[in-house]
file my_file30.txt (compact mmCIF, C-alpha atoms)
# COMPACT_ATOMS: atom_id res chain seq x y z
CA MET U 1 104.07 123.10 92.54
CA THR U 2 101.33 120.58 91.80
CA THR U 3 102.36 116.99 92.51
CA VAL U 4 100.82 114.37 90.24
CA GLY U 5 101.16 110.62 90.58
CA PHE U 6 101.48 108.93 87.21
CA ALA U 7 100.64 105.22 87.32
CA ILE U 8 101.39 102.96 84.38
CA CYS U 9 99.74 99.60 83.72
CA GLY U 10 100.68 96.93 81.20
CA SER U 11 99.16 98.14 77.95
CA PHE U 12 102.68 98.11 76.53
CA CYS U 13 101.68 99.15 73.01
CA THR U 14 100.72 102.60 74.36
CA PHE U 15 103.91 103.29 76.33
CA LYS U 16 105.56 105.45 73.66
CA ALA U 17 102.56 107.81 73.47
CA VAL U 18 102.11 107.84 77.25
CA PHE U 19 105.76 108.67 77.91
CA GLU U 20 105.51 111.66 75.55
CA GLU U 21 102.64 112.97 77.71
CA ILE U 22 104.67 112.45 80.89
CA LYS U 23 107.44 114.56 79.35
CA GLY U 24 104.87 117.23 78.50
CA LEU U 25 103.54 117.33 82.07
CA LYS U 26 107.06 117.54 83.47
CA ASN U 27 107.92 120.37 81.05
CA ALA U 28 104.72 122.16 82.10
CA GLY U 29 106.06 122.29 85.68
CA TYR U 30 104.30 119.38 87.35
CA ASN U 31 106.19 117.30 89.92
CA ILE U 32 105.55 113.74 88.70
CA ILE U 33 105.67 110.77 91.09
CA PRO U 34 105.98 107.65 88.91
CA ILE U 35 104.15 104.43 89.78
CA MET U 36 104.30 101.20 87.79
CA SER U 37 102.25 98.05 88.09
CA GLU U 38 104.29 94.99 88.85
CA ASN U 39 103.85 93.75 85.27
CA SER U 40 104.86 97.02 83.64
CA TYR U 41 107.86 97.20 85.97
CA THR U 42 109.15 93.67 85.29
CA LEU U 43 107.97 92.31 81.92
CA ASP U 44 110.01 92.52 78.74
CA THR U 45 107.80 92.73 75.64
CA ARG U 46 108.11 93.36 71.92
CA PHE U 47 107.55 97.03 72.80
CA GLY U 48 110.72 97.21 74.92
CA ASP U 49 112.53 95.84 77.91
CA ALA U 50 111.22 96.60 81.39
CA VAL U 51 114.53 98.06 82.53
CA TYR U 52 114.41 100.55 79.63
CA TRP U 53 110.90 101.77 80.46
CA ARG U 54 111.44 102.06 84.20
CA SER U 55 114.79 103.86 83.75
CA GLN U 56 113.17 106.26 81.25
CA LEU U 57 110.37 106.96 83.70
CA ALA U 58 112.77 107.72 86.55
CA GLU U 59 114.89 109.90 84.27
CA ILE U 60 111.96 111.90 82.89
CA THR U 61 110.30 112.47 86.27
CA GLU U 62 113.49 112.79 88.32
CA ASN U 63 111.82 110.65 90.97
CA ARG U 64 112.10 107.06 92.15
CA VAL U 65 109.54 104.67 90.63
CA ILE U 66 107.03 103.22 93.08
CA HIS U 67 106.40 99.60 92.07
CA SER U 68 105.19 97.75 95.15
CA ILE U 69 102.25 97.77 97.54
CA PRO U 70 104.42 98.91 100.49
CA GLY U 71 105.82 101.69 98.29
CA ALA U 72 102.33 102.90 97.34
CA GLU U 73 100.78 102.73 100.81
CA PRO U 74 102.09 106.11 102.13
CA ILE U 75 100.37 108.00 99.28
CA GLY U 76 97.15 108.27 101.29
CA PRO U 77 98.24 108.91 104.86
CA LYS U 78 100.96 111.37 103.82
CA LYS U 79 98.68 113.09 101.25
CA LEU U 80 101.51 112.96 98.72
CA LEU U 81 99.53 113.74 95.55
CA ASP U 82 97.29 116.52 94.32
CA ALA U 83 96.05 114.21 91.54
CA LEU U 84 96.72 110.68 90.32
CA ILE U 85 96.70 109.61 86.67
CA ILE U 86 96.46 105.99 85.56
CA ALA U 87 97.60 105.84 81.95
CA PRO U 88 97.37 103.42 80.35
CA CYS U 89 94.69 101.82 82.51
CA THR U 90 94.10 98.23 81.44
CA GLY U 91 90.82 96.32 81.60
CA ASN U 92 92.24 94.34 84.50
CA THR U 93 92.90 97.50 86.49
CA LEU U 94 89.52 98.99 85.53
CA ALA U 95 87.84 95.89 86.99
CA LYS U 96 89.87 96.04 90.18
CA LEU U 97 89.13 99.73 90.66
CA ALA U 98 85.40 99.21 90.07
CA LEU U 99 85.31 96.38 92.62
CA GLY U 100 87.64 97.90 95.20
CA VAL U 101 90.41 95.33 94.76
CA THR U 102 93.77 96.71 95.89
CA ASP U 103 96.32 94.01 95.16
CA THR U 104 98.81 95.95 93.01
CA ALA U 105 100.90 99.08 93.45
CA VAL U 106 98.60 100.95 91.07
CA THR U 107 95.29 99.93 92.66
CA LEU U 108 96.59 100.57 96.17
CA ALA U 109 97.90 103.97 95.06
CA ALA U 110 94.41 104.77 93.71
CA LYS U 111 92.68 103.67 96.90
CA ALA U 112 95.17 105.51 99.11
CA HIS U 113 94.86 108.66 96.99
CA LEU U 114 91.04 108.64 96.77
CA ARG U 115 90.71 108.58 100.54
CA ASN U 116 91.91 112.19 100.45
CA GLY U 117 89.06 113.27 98.15
CA ARG U 118 91.43 114.25 95.35
CA PRO U 119 91.06 113.54 91.62
CA LEU U 120 91.91 110.21 90.01
CA ILE U 121 92.23 110.46 86.22
CA ILE U 122 91.83 107.26 84.19
CA ALA U 123 93.04 106.84 80.59
CA PRO U 124 91.67 103.45 79.50
CA SER U 125 93.42 101.15 77.08
CA THR U 126 91.67 97.82 76.80
CA ASN U 127 90.71 95.36 74.08
CA ASP U 128 87.38 94.72 75.83
CA GLY U 129 86.21 98.30 76.45
CA LEU U 130 82.94 97.60 74.60
CA SER U 131 82.46 94.17 76.15
CA ASN U 132 83.60 92.95 79.58
CA SER U 133 85.21 96.24 80.64
CA ALA U 134 82.19 98.34 79.64
CA LYS U 135 80.42 97.64 82.93
CA ASN U 136 83.50 98.69 84.89
CA ILE U 137 83.91 101.91 82.94
CA GLY U 138 80.22 102.61 83.57
CA ALA U 139 80.59 101.99 87.29
CA LEU U 140 83.68 104.19 87.57
CA LEU U 141 81.98 107.05 85.71
CA ASN U 142 79.58 107.25 88.67
CA TYR U 143 82.26 107.40 91.38
CA LYS U 144 83.13 110.66 93.06
CA ASN U 145 86.55 112.14 92.23
CA ILE U 146 87.14 109.84 89.23
CA TYR U 147 87.61 111.43 85.83
CA PHE U 148 88.24 109.94 82.40
CA VAL U 149 90.55 111.00 79.62
CA PRO U 150 88.41 110.97 76.46
CA PHE U 151 88.53 107.60 74.73
CA GLY U 152 87.23 105.96 71.59
CA GLU U 153 87.45 102.86 69.47
CA ASP U 154 90.96 101.74 68.74
CA ASP U 155 90.43 99.72 65.53
CA SER U 156 86.74 99.05 64.98
CA LEU U 157 87.29 96.59 62.12
CA LYS U 158 90.07 94.40 63.50
CA LYS U 159 89.31 94.88 67.22
CA PRO U 160 85.61 95.79 67.45
CA THR U 161 85.49 95.99 71.28
CA SER U 162 88.83 97.75 71.83
CA MET U 163 88.91 101.23 73.36
CA VAL U 164 91.87 103.54 73.97
CA ALA U 165 92.25 107.00 75.47
CA ASP U 166 93.37 109.96 73.42
CA PHE U 167 96.52 110.53 75.44
CA SER U 168 97.02 113.96 73.84
CA ARG U 169 94.04 115.10 75.95
CA LEU U 170 95.61 113.96 79.21
CA LYS U 171 96.90 117.37 80.33
CA ALA U 172 93.57 119.08 79.59
CA THR U 173 91.74 116.34 81.50
CA LEU U 174 94.08 116.77 84.46
CA GLU U 175 93.60 120.53 84.52
CA MET U 176 89.81 120.19 84.52
CA ALA U 177 89.86 117.39 87.11
CA LEU U 178 91.87 119.60 89.45
CA GLU U 179 88.90 122.00 89.21
CA GLY U 180 86.44 119.14 89.89
CA LYS U 181 85.18 118.98 86.29
CA GLN U 182 85.02 116.13 83.76
CA ILE U 183 86.32 117.07 80.31
CA GLN U 184 83.75 116.54 77.55
CA PRO U 185 83.03 114.67 75.44
CA ILE U 186 84.23 111.52 77.18
CA VAL U 187 83.56 109.18 74.26
CA ILE U 188 85.19 110.42 71.08
CA GLU U 189 85.40 109.46 67.41
CA PRO U 190 87.80 106.66 66.53
CA LYS U 191 91.30 107.75 65.58

call {"tool": "encode", "arguments": {"input": "my_file30.txt", "output": "structure tokens"}}
result
Amino acid sequence: MTTVGFAICGSFCTFKAVFEEIKGLKNAGYNIIPIMSENSYTLDTRFGDAVYWRSQLAEITENRVIHSIPGAEPIGPKKLLDALIIAPCTGNTLAKLALGVTDTAVTLAAKAHLRNGRPLIIAPSTNDGLSNSAKNIGALLNYKNIYFVPFGEDDSLKKPTSMVADFSRLKATLEMALEGKQIQPIVIEPK
């Protein structure tokens, strides 16, 4: 059975769509190890209470949620994952990944996982994807073993720099990444 880490960052407006994809991966037979950033694990928002989201994640995956740096650290040395997905991946996390900053459960999980030469799949969701985060997306596109879920403009009129992944393409991206291939096209038409 393929074991996939699924790391969630604080783009709370995408949680509903992301959780549907987690259910789909679980139903497809993947063993899902859930990881949450400290913010996604603790913050209540207009999109739901933190305790609701973390309990849903544990229930769907049937695994304990990793939410701390010490909890994420064994991912590398123990080679726990065949692949790691970060969805949604915020602009903040994109920047940290591009610069090698590992100060959250999610970024440490990514660093620990990448040391094993296995695929890291990123599904961006950021209001500055065509501004400040663009340079970080560009940098990460050039890194070995990093793959992107196709993404496009979120709302080009109201949020002209916002980009979000097409989460419905997450499973297909994972399958290709496990073969060492980047799904194409990476940049897609706005929804």

call {"tool": "closest_atom_pairs", "arguments": {"input": "my_file30.txt", "of": "segment 11-33 of chain U", "to": "segment 53-65 of chain U", "cutoff": "7 Å", "atoms": "only C-alpha atoms", "output": "JSON lines"}}
result
{"residue": "U:Lys23", "atom": "CA", "partner": "U:Ile60", "partner_atom": "CA", "distance": 6.3}
{"residue": "U:Lys26", "atom": "CA", "partner": "U:Thr61", "partner_atom": "CA", "distance": 6.6}
{"residue": "U:Ile32", "atom": "CA", "partner": "U:Thr61", "partner_atom": "CA", "distance": 5.5}
{"residue": "U:Ile33", "atom": "CA", "partner": "U:Asn63", "partner_atom": "CA", "distance": 6.2}

call {"tool": "residues_around", "arguments": {"input": "my_file30.txt", "residues": "segment 106-109 of chain U", "least_positions_apart": "2", "cutoff": "8 Å", "atoms": "all atoms listed in the file", "output": "list in words"}}
result
Ala7, Ile8, Cys9, Ile35, Met36, Ser37, His67, Ile69, Ala72, Glu73, Ile75, Gly76, Ile86, Thr93, Lys96, Leu97, Val101, Thr102, Asp103, Thr104, Lys111, Ala112 and His113 of chain U

call {"tool": "write_last_selection", "arguments": {"input": "my_file30.txt", "atoms": "C-alpha atoms", "output": "mmCIF file, in the frame of the given file"}}
result
data_model
loop_
_atom_site.group_PDB
_atom_site.id
_atom_site.type_symbol
_atom_site.label_atom_id
_atom_site.label_comp_id
_atom_site.auth_asym_id
_atom_site.auth_seq_id
_atom_site.Cartn_x
_atom_site.Cartn_y
_atom_site.Cartn_z
ATOM 1 C CA ALA U 7 100.640 105.220 87.320
ATOM 2 C CA ILE U 8 101.390 102.960 84.380
ATOM 3 C CA CYS U 9 99.740 99.600 83.720
ATOM 4 C CA ILE U 35 104.150 104.430 89.780
ATOM 5 C CA MET U 36 104.300 101.200 87.790
ATOM 6 C CA SER U 37 102.250 98.050 88.090
ATOM 7 C CA HIS U 67 106.400 99.600 92.070
ATOM 8 C CA ILE U 69 102.250 97.770 97.540
ATOM 9 C CA ALA U 72 102.330 102.900 97.340
ATOM 10 C CA GLU U 73 100.780 102.730 100.810
ATOM 11 C CA ILE U 75 100.370 108.000 99.280
ATOM 12 C CA GLY U 76 97.150 108.270 101.290
ATOM 13 C CA ILE U 86 96.460 105.990 85.560
ATOM 14 C CA THR U 93 92.900 97.500 86.490
ATOM 15 C CA LYS U 96 89.870 96.040 90.180
ATOM 16 C CA LEU U 97 89.130 99.730 90.660
ATOM 17 C CA VAL U 101 90.410 95.330 94.760
ATOM 18 C CA THR U 102 93.770 96.710 95.890
ATOM 19 C CA ASP U 103 96.320 94.010 95.160
ATOM 20 C CA THR U 104 98.810 95.950 93.010
ATOM 21 C CA LYS U 111 92.680 103.670 96.900
ATOM 22 C CA ALA U 112 95.170 105.510 99.110
ATOM 23 C CA HIS U 113 94.860 108.660 96.990
#

call {"tool": "closest_residue", "arguments": {"input": "my_file30.txt", "among": "U:Lys78, U:Arg169, U:Lys135, U:Arg118", "to": "Leu94 of chain U", "atoms": "all atoms listed in the file"}}
result
U:Lys135

call {"tool": "atom_distance", "arguments": {"input": "my_file30.txt", "atom1": "atom CA of Val4 of chain U", "atom2": "atom CA of Ile85 of chain U"}}
result
7.2 Å

call {"tool": "atom_distance", "arguments": {"input": "my_file30.txt", "atom1": "atom CA of Phe148 of chain U", "atom2": "atom CA of Ile122 of chain U"}}
result
4.8 Å

call {"tool": "residues_near_point", "arguments": {"input": "my_file30.txt", "point": "(90.1, 117.2, 80.8)", "cutoff": "8 Å", "atoms": "all atoms listed in the file", "output": "PDB file with C-alpha atoms, in the frame of the given file"}}
result
ATOM      1  CA  PHE U 148      88.240 109.940  82.400  1.00  0.00           C
ATOM      2  CA  VAL U 149      90.550 111.000  79.620  1.00  0.00           C
ATOM      3  CA  PRO U 150      88.410 110.970  76.460  1.00  0.00           C
ATOM      4  CA  ARG U 169      94.040 115.100  75.950  1.00  0.00           C
ATOM      5  CA  LEU U 170      95.610 113.960  79.210  1.00  0.00           C
ATOM      6  CA  LYS U 171      96.900 117.370  80.330  1.00  0.00           C
ATOM      7  CA  ALA U 172      93.570 119.080  79.590  1.00  0.00           C
ATOM      8  CA  THR U 173      91.740 116.340  81.500  1.00  0.00           C
ATOM      9  CA  LEU U 174      94.080 116.770  84.460  1.00  0.00           C
ATOM     10  CA  GLU U 175      93.600 120.530  84.520  1.00  0.00           C
ATOM     11  CA  MET U 176      89.810 120.190  84.520  1.00  0.00           C
ATOM     12  CA  ALA U 177      89.860 117.390  87.110  1.00  0.00           C
ATOM     13  CA  LYS U 181      85.180 118.980  86.290  1.00  0.00           C
ATOM     14  CA  GLN U 182      85.020 116.130  83.760  1.00  0.00           C
ATOM     15  CA  ILE U 183      86.320 117.070  80.310  1.00  0.00           C
ATOM     16  CA  GLN U 184      83.750 116.540  77.550  1.00  0.00           C
TER      17      GLN U 184
END

call {"tool": "residues_around", "arguments": {"input": "my_file30.txt", "residues": "Asn136 of chain U", "least_positions_apart": "6", "cutoff": "12 Å", "atoms": "only C-alpha atoms", "output": "list in words"}}
result
Cys89, Thr90, Gly91, Asn92, Thr93, Leu94, Ala95, Lys96, Leu97, Ala98, Leu99, Gly100, Ile122, Pro124, Thr126, Asp128, Gly129, Leu130, Asn142 and Tyr143 of chain U

call {"tool": "write_last_selection", "arguments": {"input": "my_file30.txt", "atoms": "C-alpha atoms", "output": "short mmCIF file (atom, residue, chain, number, x, y, z; two decimals), in the coordinates of the input"}}
result
data_model
loop_
_atom_site.label_atom_id
_atom_site.label_comp_id
_atom_site.auth_asym_id
_atom_site.auth_seq_id
_atom_site.Cartn_x
_atom_site.Cartn_y
_atom_site.Cartn_z
CA CYS U 89 94.69 101.82 82.51
CA THR U 90 94.10 98.23 81.44
CA GLY U 91 90.82 96.32 81.60
CA ASN U 92 92.24 94.34 84.50
CA THR U 93 92.90 97.50 86.49
CA LEU U 94 89.52 98.99 85.53
CA ALA U 95 87.84 95.89 86.99
CA LYS U 96 89.87 96.04 90.18
CA LEU U 97 89.13 99.73 90.66
CA ALA U 98 85.40 99.21 90.07
CA LEU U 99 85.31 96.38 92.62
CA GLY U 100 87.64 97.90 95.20
CA ILE U 122 91.83 107.26 84.19
CA PRO U 124 91.67 103.45 79.50
CA THR U 126 91.67 97.82 76.80
CA ASP U 128 87.38 94.72 75.83
CA GLY U 129 86.21 98.30 76.45
CA LEU U 130 82.94 97.60 74.60
CA ASN U 142 79.58 107.25 88.67
CA TYR U 143 82.26 107.40 91.38
#

call {"tool": "atom_distance", "arguments": {"input": "my_file30.txt", "atom1": "atom CA of Asn127 of chain U", "atom2": "atom CA of Gly5 of chain U"}}
result
24.8 Å

call {"tool": "axis_aligned_box", "arguments": {"input": "my_file30.txt", "around": "segment 130-140 of chain U", "padding_each_side": "8 Å", "output": "AutoDock Vina command-line options"}}
result
--center_x 82.7 --center_y 98.6 --center_z 81.1 --size_x 21.0 --size_y 27.2 --size_z 29.0

call {"tool": "closest_residue", "arguments": {"input": "my_file30.txt", "among": "U:Gly10, U:Val18, U:Ile137, U:Ser68", "to": "Asp44 of chain U", "atoms": "only C-alpha atoms"}}
result
U:Gly10

call {"tool": "closest_residue", "arguments": {"input": "my_file30.txt", "among": "U:Asn145, U:Tyr41, U:Ala139, U:Ala87", "to": "Phe19 of chain U", "atoms": "all atoms listed in the file"}}
result
U:Ala87

call {"tool": "closest_residue", "arguments": {"input": "my_file30.txt", "among": "U:Ala105, U:Ala83, U:Leu157, U:Leu141", "to": "Pro119 of chain U", "atoms": "all atoms listed in the file"}}
result
U:Ala83

call {"tool": "closest_residue", "arguments": {"input": "my_file30.txt", "among": "U:Pro88, U:Gly180, U:Gly48, U:Pro74", "to": "Ile22 of chain U", "atoms": "only C-alpha atoms"}}
result
U:Pro88

call {"tool": "decode", "arguments": {"input": "my_file30.txt", "residues": "segment 125-173 of chain U", "atoms": "C-alpha atoms", "output": "PDB file, in the first residue's frame"}}
result
ATOM      1  CA  SER U 125      -3.458  28.536  -2.911  1.00  0.00           C
ATOM      2  CA  THR U 126      -2.260  32.088  -2.502  1.00  0.00           C
ATOM      3  CA  ASN U 127      -3.573  35.586  -3.108  1.00  0.00           C
ATOM      4  CA  ASP U 128      -0.130  36.663  -4.344  1.00  0.00           C
ATOM      5  CA  GLY U 129       0.651  33.859  -6.803  1.00  0.00           C
ATOM      6  CA  LEU U 130       1.206  36.396  -9.604  1.00  0.00           C
ATOM      7  CA  SER U 131       3.118  38.836  -7.401  1.00  0.00           C
ATOM      8  CA  ASN U 132       5.312  38.059  -4.375  1.00  0.00           C
ATOM      9  CA  SER U 133       4.819  34.280  -4.504  1.00  0.00           C
ATOM     10  CA  ALA U 134       5.583  34.046  -8.231  1.00  0.00           C
ATOM     11  CA  LYS U 135       9.335  33.984  -7.612  1.00  0.00           C
ATOM     12  CA  ASN U 136       8.938  31.171  -5.086  1.00  0.00           C
ATOM     13  CA  ILE U 137       6.777  29.103  -7.414  1.00  0.00           C
ATOM     14  CA  GLY U 138       9.397  29.644 -10.122  1.00  0.00           C
ATOM     15  CA  ALA U 139      12.203  28.536  -7.824  1.00  0.00           C
ATOM     16  CA  LEU U 140      10.332  25.433  -6.678  1.00  0.00           C
ATOM     17  CA  LEU U 141       9.543  24.412 -10.265  1.00  0.00           C
ATOM     18  CA  ASN U 142      13.298  23.956 -10.726  1.00  0.00           C
ATOM     19  CA  TYR U 143      13.845  21.746  -7.667  1.00  0.00           C
ATOM     20  CA  LYS U 144      14.294  18.019  -8.023  1.00  0.00           C
ATOM     21  CA  ASN U 145      11.426  15.842  -6.756  1.00  0.00           C
ATOM     22  CA  ILE U 146       8.957  18.744  -6.474  1.00  0.00           C
ATOM     23  CA  TYR U 147       5.785  18.590  -8.546  1.00  0.00           C
ATOM     24  CA  PHE U 148       2.851  20.974  -8.864  1.00  0.00           C
ATOM     25  CA  VAL U 149      -0.855  20.329  -9.054  1.00  0.00           C
ATOM     26  CA  PRO U 150      -2.088  22.415 -12.006  1.00  0.00           C
ATOM     27  CA  PHE U 151      -3.150  25.884 -10.907  1.00  0.00           C
ATOM     28  CA  GLY U 152      -4.692  29.000 -12.384  1.00  0.00           C
ATOM     29  CA  GLU U 153      -6.155  32.363 -11.541  1.00  0.00           C
ATOM     30  CA  ASP U 154      -8.697  32.284  -8.784  1.00  0.00           C
ATOM     31  CA  ASP U 155     -10.703  35.448  -9.543  1.00  0.00           C
ATOM     32  CA  SER U 156      -8.866  37.608 -12.067  1.00  0.00           C
ATOM     33  CA  LEU U 157     -11.186  40.607 -11.663  1.00  0.00           C
ATOM     34  CA  LYS U 158     -11.498  40.852  -7.882  1.00  0.00           C
ATOM     35  CA  LYS U 159      -8.142  39.251  -6.991  1.00  0.00           C
ATOM     36  CA  PRO U 160      -5.853  39.775  -9.999  1.00  0.00           C
ATOM     37  CA  THR U 161      -2.765  38.121  -8.449  1.00  0.00           C
ATOM     38  CA  SER U 162      -4.521  35.188  -6.752  1.00  0.00           C
ATOM     39  CA  MET U 163      -3.740  31.623  -7.858  1.00  0.00           C
ATOM     40  CA  VAL U 164      -5.287  28.346  -6.711  1.00  0.00           C
ATOM     41  CA  ALA U 165      -4.716  24.708  -7.603  1.00  0.00           C
ATOM     42  CA  ASP U 166      -7.346  22.629  -9.326  1.00  0.00           C
ATOM     43  CA  PHE U 167      -7.676  20.172  -6.460  1.00  0.00           C
ATOM     44  CA  SER U 168      -9.640  17.746  -8.664  1.00  0.00           C
ATOM     45  CA  ARG U 169      -6.320  17.065 -10.433  1.00  0.00           C
ATOM     46  CA  LEU U 170      -4.529  16.132  -7.220  1.00  0.00           C
ATOM     47  CA  LYS U 171      -4.793  12.342  -7.614  1.00  0.00           C
ATOM     48  CA  ALA U 172      -3.596  12.450 -11.232  1.00  0.00           C
ATOM     49  CA  THR U 173      -0.675  14.671 -10.203  1.00  0.00           C
TER      50      THR U 173
END
